[in-house]
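The structure appears right after this line, and notes come after that.
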Amino acid sequence: MELFIPDLKKAGGRFLEYHDEIEIKDPEIKGSQGKVPVLEVLLKAAYVNNRVLIRGSWQAELTGECSRCLEQTDYTLQESFNEEFIHQQAGENGKFPYTDTEKREQYLFKGELLRLDEYFKQAFFIAQPLKILCHEECKGLCPVCGRDRNKYSCSCADEKTDDRWSLLDKLRKENR
Ligand SMILES: [Zn+2]
Ligand SMILES: [Zn+2]
């Protein structure tokens, strides 16, 4: 995704709308239905005081393993952003005030194109969930017999509870 700065300058501070798709090529991350994951980006950008302001949101349809039942499950990752990129201007000596290797708090760029792929790819990787759930109430696998509790009901856990109750009953009786 690239923004052409002369277009933004022509707009004189007004926000222009952009829509683009960025492919994420990473063996660890899968798109839904076996596709290559795509970041769909919708943004508005304006050029004000040598800065490019961008706001909008992106989303991606992904698939991964539920961390409880291990089933493949589709999920949507979505995030909004509000960022500014400083357009570096060459000084009187023809040099730019900061080199690219100087990492500053702000995002810098120079020239007539603002390239945003790397910015969005980073945001995408940071936004990866620690846990994927097929649904909030996923019962997961039984730790005793390993069956998927969403599909089968086993009595492993129940038996344990029963044991505890009977032990408690026994203690109660003994204390009388
Ligand atoms: Zn699950
Ligand atoms: Zn079980």
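To be explicit about the labels: the chains of the structure tokens are called A, B, and onward in the order shown, and within each one the residues are counted from 1, while ligands get numbers from 1 in the order they are shown.
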
Legend entry - Sel. of alpha helix (DSSP H) residues, stretch 4-116 of chain A, as a ChimeraX atom specification: /A:5-10

Inset, instruction - Extract, using only C-alpha atoms, all DNA, RNA and protein residues at most 12 Å from A:Gln128, discarding same-chain residues fewer than 4 positions from it, and format them as a ChimeraX atom specification. - result: /A:28-30,59-60,62-64,75-79,121-124,132

Inset, instruction - Name the residues, by chain letter and number, that sit within 12 Å of ligand 1 using only C-alpha atoms and all ligand atoms, and give them as number ranges by chain. - result: A: 64-75, 131-142, 147-151

Inset, instruction - Kindly compile the residues surrounding ligand 2 within 7 Å, counting only C-alpha atoms and all ligand atoms, and format them as JSON, numbers by chain. - result: {"A": [142, 143, 144, 145, 146, 147, 154, 155, 156, 157]}

Within 12 Å of A:Pro27, counting only C-alpha atoms, which residues qualify if same-chain residues fewer than 5 places away don't, as a PDB file with N, CA and C atoms, in the first residue's frame?
```
ATOM      1  N   GLY A  34      -8.075 -21.959   3.652  1.00  0.00           N
ATOM      2  CA  GLY A  34      -6.770 -22.293   3.084  1.00  0.00           C
ATOM      3  C   GLY A  34      -6.141 -21.228   2.209  1.00  0.00           C
ATOM      4  N   LYS A  35      -6.685 -20.021   2.251  1.00  0.00           N
ATOM      5  CA  LYS A  35      -6.132 -18.946   1.412  1.00  0.00           C
ATOM      6  C   LYS A  35      -4.954 -18.269   2.092  1.00  0.00           C
ATOM      7  N   VAL A  36      -4.191 -17.534   1.298  1.00  0.00           N
ATOM      8  CA  VAL A  36      -3.137 -16.696   1.858  1.00  0.00           C
ATOM      9  C   VAL A  36      -3.835 -15.569   2.618  1.00  0.00           C
ATOM     10  N   PRO A  37      -3.441 -15.309   3.871  1.00  0.00           N
ATOM     11  CA  PRO A  37      -4.117 -14.244   4.613  1.00  0.00           C
ATOM     12  C   PRO A  37      -3.948 -12.876   3.944  1.00  0.00           C
TER      13      PRO A  37
END
```

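Residues with any atom within 9 Å of A:Leu116, counting only C-alpha atoms and excluding same-chain neighbours fewer than 2 positions away, are Met1, Glu2, Leu3, Leu114, Glu118, Tyr119, Phe120 and Lys121 of chain A.
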
Take the residues from that selection and write them out as a PDB file, in the first residue's frame, keeping C-alpha atoms.
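Written out: result_1.pdb:
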```pdb
ATOM      1  CA  MET A   1       0.000   0.000   0.000  1.00  0.00           C
ATOM      2  CA  GLU A   2       1.410   3.366  -1.066  1.00  0.00           C
ATOM      3  CA  LEU A   3       0.162   6.912  -0.724  1.00  0.00           C
ATOM      4  CA  LEU A 114       4.574   6.820   1.748  1.00  0.00           C
ATOM      5  CA  GLU A 118       5.601  -2.723   6.679  1.00  0.00           C
ATOM      6  CA  TYR A 119       3.618  -0.634   9.149  1.00  0.00           C
ATOM      7  CA  PHE A 120       0.504  -2.762   8.661  1.00  0.00           C
ATOM      8  CA  LYS A 121       2.374  -6.058   8.658  1.00  0.00           C
TER       9      LYS A 121
END
```

List every residue of chain A that DSSP, applied to the backbone of this structure, assigns to strand (DSSP E or B), and report them as a PDB file with N, CA and C atoms, in the first residue's frame.
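Saved result, part24.pdb, follows:
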```pdb
ATOM      1  N   GLU A   2       0.593   2.156  -0.946  1.00  0.00           N
ATOM      2  CA  GLU A   2       1.410   3.366  -1.066  1.00  0.00           C
ATOM      3  C   GLU A   2       0.515   4.586  -1.216  1.00  0.00           C
ATOM      4  N   LEU A   3       0.896   5.652  -0.546  1.00  0.00           N
ATOM      5  CA  LEU A   3       0.162   6.912  -0.724  1.00  0.00           C
ATOM      6  C   LEU A   3       1.059   7.861  -1.510  1.00  0.00           C
ATOM      7  N   PHE A   4       0.492   8.442  -2.534  1.00  0.00           N
ATOM      8  CA  PHE A   4       1.254   9.358  -3.382  1.00  0.00           C
ATOM      9  C   PHE A   4       1.111  10.762  -2.798  1.00  0.00           C
ATOM     10  N   LEU A  16      -8.437  12.085   2.255  1.00  0.00           N
ATOM     11  CA  LEU A  16      -8.773  11.269   1.080  1.00  0.00           C
ATOM     12  C   LEU A  16      -8.917   9.815   1.532  1.00  0.00           C
ATOM     13  N   GLU A  17      -9.794   9.089   0.852  1.00  0.00           N
ATOM     14  CA  GLU A  17     -10.024   7.701   1.247  1.00  0.00           C
ATOM     15  C   GLU A  17      -9.223   6.723   0.399  1.00  0.00           C
ATOM     16  N   TYR A  18      -8.728   5.685   1.056  1.00  0.00           N
ATOM     17  CA  TYR A  18      -7.957   4.641   0.376  1.00  0.00           C
ATOM     18  C   TYR A  18      -8.446   3.279   0.825  1.00  0.00           C
ATOM     19  N   HIS A  19      -8.314   2.325  -0.065  1.00  0.00           N
ATOM     20  CA  HIS A  19      -8.665   0.952   0.245  1.00  0.00           C
ATOM     21  C   HIS A  19      -7.638   0.064  -0.426  1.00  0.00           C
ATOM     22  N   ASP A  20      -7.065  -0.859   0.332  1.00  0.00           N
ATOM     23  CA  ASP A  20      -6.069  -1.734  -0.281  1.00  0.00           C
ATOM     24  C   ASP A  20      -6.000  -3.061   0.457  1.00  0.00           C
ATOM     25  N   GLU A  21      -5.401  -4.036  -0.196  1.00  0.00           N
ATOM     26  CA  GLU A  21      -5.226  -5.345   0.413  1.00  0.00           C
ATOM     27  C   GLU A  21      -3.752  -5.704   0.427  1.00  0.00           C
ATOM     28  N   ILE A  22      -3.303  -6.208   1.578  1.00  0.00           N
ATOM     29  CA  ILE A  22      -1.891  -6.567   1.726  1.00  0.00           C
ATOM     30  C   ILE A  22      -1.820  -8.057   2.050  1.00  0.00           C
ATOM     31  N   GLU A  23      -1.086  -8.798   1.237  1.00  0.00           N
ATOM     32  CA  GLU A  23      -0.943 -10.234   1.495  1.00  0.00           C
ATOM     33  C   GLU A  23       0.089 -10.465   2.588  1.00  0.00           C
ATOM     34  N   LYS A  30      -2.446 -18.738   8.781  1.00  0.00           N
ATOM     35  CA  LYS A  30      -3.259 -19.199   7.654  1.00  0.00           C
ATOM     36  C   LYS A  30      -4.545 -18.401   7.522  1.00  0.00           C
ATOM     37  N   GLY A  31      -4.902 -18.101   6.295  1.00  0.00           N
ATOM     38  CA  GLY A  31      -6.164 -17.425   6.044  1.00  0.00           C
ATOM     39  C   GLY A  31      -7.303 -18.427   6.073  1.00  0.00           C
ATOM     40  N   VAL A  38      -5.024 -12.128   3.958  1.00  0.00           N
ATOM     41  CA  VAL A  38      -5.016 -10.804   3.344  1.00  0.00           C
ATOM     42  C   VAL A  38      -5.487  -9.778   4.373  1.00  0.00           C
ATOM     43  N   LEU A  39      -4.722  -8.716   4.483  1.00  0.00           N
ATOM     44  CA  LEU A  39      -5.122  -7.601   5.338  1.00  0.00           C
ATOM     45  C   LEU A  39      -5.925  -6.641   4.489  1.00  0.00           C
ATOM     46  N   GLU A  40      -7.143  -6.417   4.860  1.00  0.00           N
ATOM     47  CA  GLU A  40      -7.955  -5.465   4.124  1.00  0.00           C
ATOM     48  C   GLU A  40      -7.903  -4.139   4.873  1.00  0.00           C
ATOM     49  N   VAL A  41      -7.366  -3.115   4.220  1.00  0.00           N
ATOM     50  CA  VAL A  41      -7.145  -1.839   4.895  1.00  0.00           C
ATOM     51  C   VAL A  41      -8.054  -0.764   4.309  1.00  0.00           C
ATOM     52  N   LEU A  42      -8.742  -0.081   5.190  1.00  0.00           N
ATOM     53  CA  LEU A  42      -9.567   1.071   4.806  1.00  0.00           C
ATOM     54  C   LEU A  42      -9.016   2.264   5.554  1.00  0.00           C
ATOM     55  N   LEU A  43      -8.591   3.290   4.844  1.00  0.00           N
ATOM     56  CA  LEU A  43      -8.056   4.419   5.600  1.00  0.00           C
ATOM     57  C   LEU A  43      -8.353   5.759   4.952  1.00  0.00           C
ATOM     58  N   LYS A  44      -8.246   6.784   5.803  1.00  0.00           N
ATOM     59  CA  LYS A  44      -8.339   8.161   5.343  1.00  0.00           C
ATOM     60  C   LYS A  44      -6.998   8.803   5.648  1.00  0.00           C
ATOM     61  N   ALA A  45      -6.491   9.609   4.709  1.00  0.00           N
ATOM     62  CA  ALA A  45      -5.199  10.246   4.928  1.00  0.00           C
ATOM     63  C   ALA A  45      -5.273  11.715   4.552  1.00  0.00           C
ATOM     64  N   ALA A  46      -4.532  12.525   5.314  1.00  0.00           N
ATOM     65  CA  ALA A  46      -4.453  13.956   5.011  1.00  0.00           C
ATOM     66  C   ALA A  46      -3.024  14.425   5.206  1.00  0.00           C
ATOM     67  N   TYR A  47      -2.650  15.452   4.460  1.00  0.00           N
ATOM     68  CA  TYR A  47      -1.305  16.014   4.567  1.00  0.00           C
ATOM     69  C   TYR A  47      -1.401  17.363   5.268  1.00  0.00           C
ATOM     70  N   VAL A  48      -0.823  17.440   6.469  1.00  0.00           N
ATOM     71  CA  VAL A  48      -0.891  18.680   7.248  1.00  0.00           C
ATOM     72  C   VAL A  48       0.478  18.955   7.876  1.00  0.00           C
ATOM     73  N   ARG A  51       3.219  16.461   7.702  1.00  0.00           N
ATOM     74  CA  ARG A  51       2.867  15.174   8.293  1.00  0.00           C
ATOM     75  C   ARG A  51       1.738  14.542   7.499  1.00  0.00           C
ATOM     76  N   VAL A  52       1.785  13.221   7.436  1.00  0.00           N
ATOM     77  CA  VAL A  52       0.651  12.508   6.857  1.00  0.00           C
ATOM     78  C   VAL A  52      -0.103  11.853   8.006  1.00  0.00           C
ATOM     79  N   LEU A  53      -1.348  12.236   8.163  1.00  0.00           N
ATOM     80  CA  LEU A  53      -2.180  11.640   9.205  1.00  0.00           C
ATOM     81  C   LEU A  53      -2.962  10.507   8.568  1.00  0.00           C
ATOM     82  N   ILE A  54      -2.943   9.358   9.191  1.00  0.00           N
ATOM     83  CA  ILE A  54      -3.771   8.266   8.670  1.00  0.00           C
ATOM     84  C   ILE A  54      -4.673   7.733   9.790  1.00  0.00           C
ATOM     85  N   ARG A  55      -5.912   7.451   9.453  1.00  0.00           N
ATOM     86  CA  ARG A  55      -6.840   6.818  10.389  1.00  0.00           C
ATOM     87  C   ARG A  55      -7.668   5.808   9.618  1.00  0.00           C
ATOM     88  N   GLY A  56      -8.075   4.802  10.328  1.00  0.00           N
ATOM     89  CA  GLY A  56      -8.907   3.798   9.676  1.00  0.00           C
ATOM     90  C   GLY A  56      -8.849   2.488  10.418  1.00  0.00           C
ATOM     91  N   SER A  57      -9.099   1.402   9.691  1.00  0.00           N
ATOM     92  CA  SER A  57      -9.063   0.091  10.314  1.00  0.00           C
ATOM     93  C   SER A  57      -8.660  -0.959   9.289  1.00  0.00           C
ATOM     94  N   TRP A  58      -8.187  -2.079   9.808  1.00  0.00           N
ATOM     95  CA  TRP A  58      -7.888  -3.203   8.922  1.00  0.00           C
ATOM     96  C   TRP A  58      -8.520  -4.447   9.510  1.00  0.00           C
ATOM     97  N   GLN A  59      -8.737  -5.434   8.653  1.00  0.00           N
ATOM     98  CA  GLN A  59      -9.201  -6.716   9.169  1.00  0.00           C
ATOM     99  C   GLN A  59      -8.714  -7.855   8.311  1.00  0.00           C
ATOM    100  N   ALA A  60      -8.648  -9.029   8.910  1.00  0.00           N
ATOM    101  CA  ALA A  60      -8.186 -10.222   8.203  1.00  0.00           C
ATOM    102  C   ALA A  60      -9.000 -11.420   8.666  1.00  0.00           C
ATOM    103  N   GLU A  61      -9.369 -12.278   7.696  1.00  0.00           N
ATOM    104  CA  GLU A  61     -10.075 -13.524   8.012  1.00  0.00           C
ATOM    105  C   GLU A  61      -9.027 -14.623   8.102  1.00  0.00           C
ATOM    106  N   LEU A  62      -8.924 -15.225   9.285  1.00  0.00           N
ATOM    107  CA  LEU A  62      -7.858 -16.196   9.512  1.00  0.00           C
ATOM    108  C   LEU A  62      -8.417 -17.520  10.006  1.00  0.00           C
ATOM    109  N   THR A  63      -7.551 -18.512  10.016  1.00  0.00           N
ATOM    110  CA  THR A  63      -7.952 -19.785  10.596  1.00  0.00           C
ATOM    111  C   THR A  63      -6.811 -20.301  11.456  1.00  0.00           C
ATOM    112  N   GLY A  64      -7.170 -20.969  12.533  1.00  0.00           N
ATOM    113  CA  GLY A  64      -6.147 -21.485  13.437  1.00  0.00           C
ATOM    114  C   GLY A  64      -6.739 -22.552  14.331  1.00  0.00           C
ATOM    115  N   GLU A  65      -5.892 -23.073  15.217  1.00  0.00           N
ATOM    116  CA  GLU A  65      -6.311 -24.163  16.083  1.00  0.00           C
ATOM    117  C   GLU A  65      -6.878 -23.617  17.386  1.00  0.00           C
ATOM    118  N   GLN A  72      -9.727 -26.851  14.021  1.00  0.00           N
ATOM    119  CA  GLN A  72      -9.466 -25.689  13.175  1.00  0.00           C
ATOM    120  C   GLN A  72     -10.680 -24.764  13.240  1.00  0.00           C
ATOM    121  N   THR A  73     -10.419 -23.507  13.441  1.00  0.00           N
ATOM    122  CA  THR A  73     -11.538 -22.587  13.564  1.00  0.00           C
ATOM    123  C   THR A  73     -11.224 -21.247  12.891  1.00  0.00           C
ATOM    124  N   ASP A  74     -12.231 -20.668  12.262  1.00  0.00           N
ATOM    125  CA  ASP A  74     -12.041 -19.372  11.589  1.00  0.00           C
ATOM    126  C   ASP A  74     -12.231 -18.235  12.587  1.00  0.00           C
ATOM    127  N   TYR A  75     -11.442 -17.199  12.453  1.00  0.00           N
ATOM    128  CA  TYR A  75     -11.627 -16.028  13.307  1.00  0.00           C
ATOM    129  C   TYR A  75     -11.243 -14.769  12.530  1.00  0.00           C
ATOM    130  N   THR A  76     -11.753 -13.653  13.003  1.00  0.00           N
ATOM    131  CA  THR A  76     -11.477 -12.377  12.341  1.00  0.00           C
ATOM    132  C   THR A  76     -10.606 -11.537  13.257  1.00  0.00           C
ATOM    133  N   LEU A  77      -9.551 -10.994  12.692  1.00  0.00           N
ATOM    134  CA  LEU A  77      -8.693 -10.094  13.440  1.00  0.00           C
ATOM    135  C   LEU A  77      -8.960  -8.696  12.895  1.00  0.00           C
ATOM    136  N   GLN A  78      -9.124  -7.744  13.791  1.00  0.00           N
ATOM    137  CA  GLN A  78      -9.568  -6.421  13.370  1.00  0.00           C
ATOM    138  C   GLN A  78      -8.931  -5.386  14.282  1.00  0.00           C
ATOM    139  N   GLU A  79      -8.540  -4.253  13.723  1.00  0.00           N
ATOM    140  CA  GLU A  79      -7.958  -3.224  14.572  1.00  0.00           C
ATOM    141  C   GLU A  79      -8.109  -1.866  13.908  1.00  0.00           C
ATOM    142  N   SER A  80      -8.266  -0.851  14.731  1.00  0.00           N
ATOM    143  CA  SER A  80      -8.286   0.495  14.160  1.00  0.00           C
ATOM    144  C   SER A  80      -6.967   1.186  14.493  1.00  0.00           C
ATOM    145  N   PHE A  81      -6.644   2.217  13.756  1.00  0.00           N
ATOM    146  CA  PHE A  81      -5.367   2.909  13.953  1.00  0.00           C
ATOM    147  C   PHE A  81      -5.559   4.394  13.721  1.00  0.00           C
ATOM    148  N   ASN A  82      -4.648   5.148  14.268  1.00  0.00           N
ATOM    149  CA  ASN A  82      -4.649   6.599  14.150  1.00  0.00           C
ATOM    150  C   ASN A  82      -3.182   6.993  14.311  1.00  0.00           C
ATOM    151  N   GLU A  83      -2.531   7.335  13.212  1.00  0.00           N
ATOM    152  CA  GLU A  83      -1.079   7.460  13.247  1.00  0.00           C
ATOM    153  C   GLU A  83      -0.641   8.656  12.415  1.00  0.00           C
ATOM    154  N   GLU A  84       0.563   9.140  12.716  1.00  0.00           N
ATOM    155  CA  GLU A  84       1.093  10.160  11.824  1.00  0.00           C
ATOM    156  C   GLU A  84       2.513   9.831  11.393  1.00  0.00           C
ATOM    157  N   PHE A  85       2.796  10.182  10.160  1.00  0.00           N
ATOM    158  CA  PHE A  85       4.107   9.920   9.560  1.00  0.00           C
ATOM    159  C   PHE A  85       4.713  11.271   9.194  1.00  0.00           C
ATOM    160  N   ILE A  86       5.933  11.496   9.665  1.00  0.00           N
ATOM    161  CA  ILE A  86       6.571  12.783   9.396  1.00  0.00           C
ATOM    162  C   ILE A  86       7.305  12.733   8.055  1.00  0.00           C
ATOM    163  N   HIS A  87       6.967  13.666   7.216  1.00  0.00           N
ATOM    164  CA  HIS A  87       7.587  13.761   5.898  1.00  0.00           C
ATOM    165  C   HIS A  87       8.888  14.523   6.030  1.00  0.00           C
ATOM    166  N   TYR A 107       7.149   7.852  13.180  1.00  0.00           N
ATOM    167  CA  TYR A 107       7.438   7.245  11.886  1.00  0.00           C
ATOM    168  C   TYR A 107       7.873   8.340  10.926  1.00  0.00           C
ATOM    169  N   LEU A 108       8.958   8.061  10.205  1.00  0.00           N
ATOM    170  CA  LEU A 108       9.499   9.043   9.269  1.00  0.00           C
ATOM    171  C   LEU A 108       9.482   8.463   7.863  1.00  0.00           C
ATOM    172  N   PHE A 109       9.387   9.344   6.908  1.00  0.00           N
ATOM    173  CA  PHE A 109       9.574   8.892   5.528  1.00  0.00           C
ATOM    174  C   PHE A 109      10.041  10.078   4.705  1.00  0.00           C
ATOM    175  N   LEU A 113       6.493   9.009  -2.023  1.00  0.00           N
ATOM    176  CA  LEU A 113       5.624   7.872  -1.701  1.00  0.00           C
ATOM    177  C   LEU A 113       5.727   7.529  -0.224  1.00  0.00           C
ATOM    178  N   LEU A 114       4.583   7.348   0.388  1.00  0.00           N
ATOM    179  CA  LEU A 114       4.574   6.820   1.748  1.00  0.00           C
ATOM    180  C   LEU A 114       4.171   5.355   1.637  1.00  0.00           C
ATOM    181  N   ARG A 115       5.111   4.463   1.925  1.00  0.00           N
ATOM    182  CA  ARG A 115       4.856   3.021   1.822  1.00  0.00           C
ATOM    183  C   ARG A 115       4.391   2.501   3.175  1.00  0.00           C
ATOM    184  N   LEU A 141     -10.774 -30.441  25.613  1.00  0.00           N
ATOM    185  CA  LEU A 141     -10.611 -31.892  25.647  1.00  0.00           C
ATOM    186  C   LEU A 141     -10.633 -32.365  27.093  1.00  0.00           C
ATOM    187  N   ASP A 148     -13.109 -34.907  22.861  1.00  0.00           N
ATOM    188  CA  ASP A 148     -13.595 -33.536  22.676  1.00  0.00           C
ATOM    189  C   ASP A 148     -14.925 -33.407  23.418  1.00  0.00           C
TER     190      ASP A 148
END
```

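Of note, atom CA of A:Asn49 and atom CA of A:Gly91 are spaced 15.8 Å apart.
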
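You will find atom CA of A:Ala90 at 22.7 Å from atom CA of A:Ala11.
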